[in-house]
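Undergrad: Dumping the structure here so I can ask a few things about it.
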Amino acid sequence: MGKKIVVITGSPQKKGNSFAMTDAFIKAAEEKGHTVERFDAATMKIGGCHACETCFQTGKACSFDDDFNLIAPAILEADGVVFTMPVYWYSIPAQIKGGIDRIYSFVVGGKDIAGKECGLIACCEEDDMTVLDGVRIPIERSAALLKWHMAGEVLMPGVLNVGDVEKTDGYKQAAGLAGKF
């Protein structure tokens with residue numbers, strides 16, 4: 001039986017390398033019978049957490065009504081969540097960071113989201129794999145806090161220009177990640 005997977009992307013480049021790997025993941029996941037719902041955070045209006053601690057008190061995940069309230073119900077119902085992004089300045093790009101931070105609303109709101117599977121697809125310009133630590137470690141730590149199982153990670157260094165991922169096995173790894181859900 002297929003699973004419900006939410007994919008949240010963090011790149012504004014629709015033809016970029018992380019998008020290309022995301023597309024490979026989604027295609028493989030759907031071929032395996034999974035249902036995928038994709039949210040492109042870079043094109044959505046998602047602010048940072050206001051730390052007001054009123055999560056879910058208005059019937060929505062966040063009292064500050066923005067596009068995170070579109071993502072939150074999908075996360076609640078999902079069996080798995082996959083974050084995809086490039087590394088910007090050695091960290092998680094702002095385009096997705098607000099959405100990741102707002103997952104805090106489930107904790108404050110007392111929503112049990114434990115037991116989900118989590119995946120990460122990330123790429124960076126430099127060849128040094130440790131450059132990806134600024135993305136990898138926060139996602140792994142967040143998954144541990146939420147009691148999510150890390151299904152797998154695709155970490156692709158050395159891809160700067162559009163299309164560079166084609167010179168790697170990034171598509172293959174992203175498609176392989178789909179098989180771990």
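Within each chain, counting starts at residue 1; across the structure tokens, chains are named A, B, ... in the order shown, with ligands numbered 1 upward in that order.
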Considering only C-alpha atoms, tabulate each residue of region 103-174 of chain A that lies at most 10 Å from region 25-49 of chain A along with its nearest interatomic pair and the corresponding distance in Å to one decimal; arrange the rows by chain and ascending residue number and present them as CSV.
TA:
```
residue,atom,partner,partner_atom,distance
A:Ile103,CA,A:Cys49,CA,9.2
A:Tyr104,CA,A:Cys49,CA,8.2
A:Ser105,CA,A:Cys49,CA,8.6
A:Ile121,CA,A:Phe25,CA,9.0
A:Gly170,CA,A:Phe25,CA,10.0
A:Tyr171,CA,A:Phe25,CA,7.6
A:Lys172,CA,A:Phe25,CA,8.7
A:Gln173,CA,A:Phe25,CA,8.4
A:Ala174,CA,A:Phe25,CA,4.8
```
Undergrad: Determine, for each residue of region 33-114 of chain A having at least one atom at most 12 Å from an atom of region 122-130 of chain A, the closest pair of atoms and their separation in Å to one decimal, counting only C-alpha atoms; order by chain and ascending number, as a Markdown table.
TA:
```
| residue | atom | partner | partner_atom | distance |
| --- | --- | --- | --- | --- |
| A:Val82 | CA | A:Ala122 | CA | 10.5 |
| A:Phe83 | CA | A:Ala122 | CA | 8.1 |
| A:Thr84 | CA | A:Ala122 | CA | 5.6 |
| A:Met85 | CA | A:Ala122 | CA | 4.9 |
| A:Pro86 | CA | A:Cys123 | CA | 4.8 |
| A:Val87 | CA | A:Cys124 | CA | 5.1 |
| A:Tyr88 | CA | A:Cys124 | CA | 7.7 |
| A:Trp89 | CA | A:Cys124 | CA | 9.5 |
| A:Tyr90 | CA | A:Cys124 | CA | 8.6 |
| A:Ser91 | CA | A:Cys124 | CA | 10.0 |
| A:Ile92 | CA | A:Ala122 | CA | 9.5 |
| A:Pro93 | CA | A:Ala122 | CA | 10.8 |
```
Undergrad: Next, the residues of the selection above should be written as a PDB file, in the first residue's frame with N, CA and C atoms.
TA:
```
ATOM      1  N   VAL A  82       9.647  14.924   3.107  1.00  0.00           N
ATOM      2  CA  VAL A  82      10.960  15.059   2.476  1.00  0.00           C
ATOM      3  C   VAL A  82      11.240  16.539   2.272  1.00  0.00           C
ATOM      4  N   PHE A  83      12.390  16.971   2.743  1.00  0.00           N
ATOM      5  CA  PHE A  83      12.843  18.339   2.564  1.00  0.00           C
ATOM      6  C   PHE A  83      13.896  18.339   1.461  1.00  0.00           C
ATOM      7  N   THR A  84      13.756  19.244   0.496  1.00  0.00           N
ATOM      8  CA  THR A  84      14.742  19.338  -0.572  1.00  0.00           C
ATOM      9  C   THR A  84      15.202  20.783  -0.697  1.00  0.00           C
ATOM     10  N   MET A  85      16.513  20.967  -0.883  1.00  0.00           N
ATOM     11  CA  MET A  85      17.037  22.336  -0.915  1.00  0.00           C
ATOM     12  C   MET A  85      18.487  22.370  -1.356  1.00  0.00           C
ATOM     13  N   PRO A  86      18.886  23.515  -1.863  1.00  0.00           N
ATOM     14  CA  PRO A  86      20.310  23.770  -2.035  1.00  0.00           C
ATOM     15  C   PRO A  86      20.857  24.315  -0.711  1.00  0.00           C
ATOM     16  N   VAL A  87      22.162  24.290  -0.555  1.00  0.00           N
ATOM     17  CA  VAL A  87      22.791  24.929   0.591  1.00  0.00           C
ATOM     18  C   VAL A  87      23.121  26.361   0.189  1.00  0.00           C
ATOM     19  N   TYR A  88      22.617  27.312   0.964  1.00  0.00           N
ATOM     20  CA  TYR A  88      22.948  28.721   0.754  1.00  0.00           C
ATOM     21  C   TYR A  88      23.756  29.183   1.953  1.00  0.00           C
ATOM     22  N   TRP A  89      24.925  29.661   1.702  1.00  0.00           N
ATOM     23  CA  TRP A  89      25.792  30.213   2.729  1.00  0.00           C
ATOM     24  C   TRP A  89      25.932  29.259   3.917  1.00  0.00           C
ATOM     25  N   TYR A  90      26.179  27.976   3.602  1.00  0.00           N
ATOM     26  CA  TYR A  90      26.486  26.930   4.581  1.00  0.00           C
ATOM     27  C   TYR A  90      25.326  26.581   5.503  1.00  0.00           C
ATOM     28  N   SER A  91      24.114  26.821   5.055  1.00  0.00           N
ATOM     29  CA  SER A  91      22.977  26.576   5.926  1.00  0.00           C
ATOM     30  C   SER A  91      21.710  26.326   5.110  1.00  0.00           C
ATOM     31  N   ILE A  92      20.614  26.190   5.820  1.00  0.00           N
ATOM     32  CA  ILE A  92      19.300  26.016   5.208  1.00  0.00           C
ATOM     33  C   ILE A  92      18.885  27.347   4.592  1.00  0.00           C
ATOM     34  N   PRO A  93      18.430  27.353   3.335  1.00  0.00           N
ATOM     35  CA  PRO A  93      18.018  28.622   2.726  1.00  0.00           C
ATOM     36  C   PRO A  93      16.765  29.199   3.385  1.00  0.00           C
TER      37      PRO A  93
END
```
Undergrad: So which one's closest to His50 (chain A), A:Arg102, A:Lys167, A:Lys97, A:Arg141? Using only C-alpha atoms, please.
TA: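 Distance minimum relative to His50 (chain A) lands on A:Arg102.
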Undergrad: Which region 124-161 of chain A residues have any atom within 10 Å of an atom of region 74-81 of chain A, and for each, what is the nearest pair of atoms with distance in Å to one decimal, counting only C-alpha atoms, rows sorted by chain and number, as a tab-separated table?
TA:
```
residue	atom	partner	partner_atom	distance
A:Ala143	CA	A:Val81	CA	9.8
A:Trp148	CA	A:Gly80	CA	8.6
A:His149	CA	A:Gly80	CA	9.0
A:Met150	CA	A:Gly80	CA	9.5
A:Ala151	CA	A:Gly80	CA	8.8
```
Undergrad: Now that the selection is made, can you save its residues with C-alpha atoms as an mmCIF file, in the first residue's frame?
TA:
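Wrote it out as out-v3.cif, contents follow:
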```
data_model
loop_
_atom_site.group_PDB
_atom_site.id
_atom_site.type_symbol
_atom_site.label_atom_id
_atom_site.label_comp_id
_atom_site.auth_asym_id
_atom_site.auth_seq_id
_atom_site.Cartn_x
_atom_site.Cartn_y
_atom_site.Cartn_z
ATOM 1 C CA ALA A 143 13.588 14.421 13.013
ATOM 2 C CA TRP A 148 10.631 10.688 12.946
ATOM 3 C CA HIS A 149 12.721 7.990 11.325
ATOM 4 C CA MET A 150 15.347 9.243 8.850
ATOM 5 C CA ALA A 151 14.533 7.141 5.792
#
```
Undergrad: So, with only C-alpha atoms as the atoms that count, which of A:Lys147, A:Lys15, A:Lys4, A:Lys111 lies closest to Phe56 (chain A)?
TA: A:Lys111
Undergrad: Would you mind writing down, as a PyMOL selection string, each residue of region 10-129 of chain A that DSSP on the backbone assigns to helix (DSSP H, G or I)?
TA: chain A and resi 17-31+41-43+68-77+94-101+104-108+129
Undergrad: Nearest residue to Cys52 (chain A) out of A:Gly176, A:Gly2, A:Pro138, A:Gly109, using only C-alpha atoms?
TA: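 Closest to Cys52 (chain A), using only C-alpha atoms: A:Gly109.
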Undergrad: Measuring atom to atom with only C-alpha atoms, identify which of A:Phe19, A:Phe106, A:Phe64, A:Phe181 is nearest to Lys3 (chain A).
TA: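 Nearest candidate to Lys3 (chain A) out of A:Phe19, A:Phe106, A:Phe64, A:Phe181: A:Phe181.
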Undergrad: How would you write, as a PyMOL selection string, the set of residues in region 1-170 of chain A that DSSP gives as strand (DSSP E)?
TA: chain A and resi 4-9+35-40+80-86+117-123+149-156
Undergrad: Using only C-alpha atoms, can you tell me which of A:Val131, A:Ala175, A:Val162, A:Cys118 comes closest to Lys14 (chain A)?
TA: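 Selected residue with least distance to Lys14 (chain A): A:Val162.
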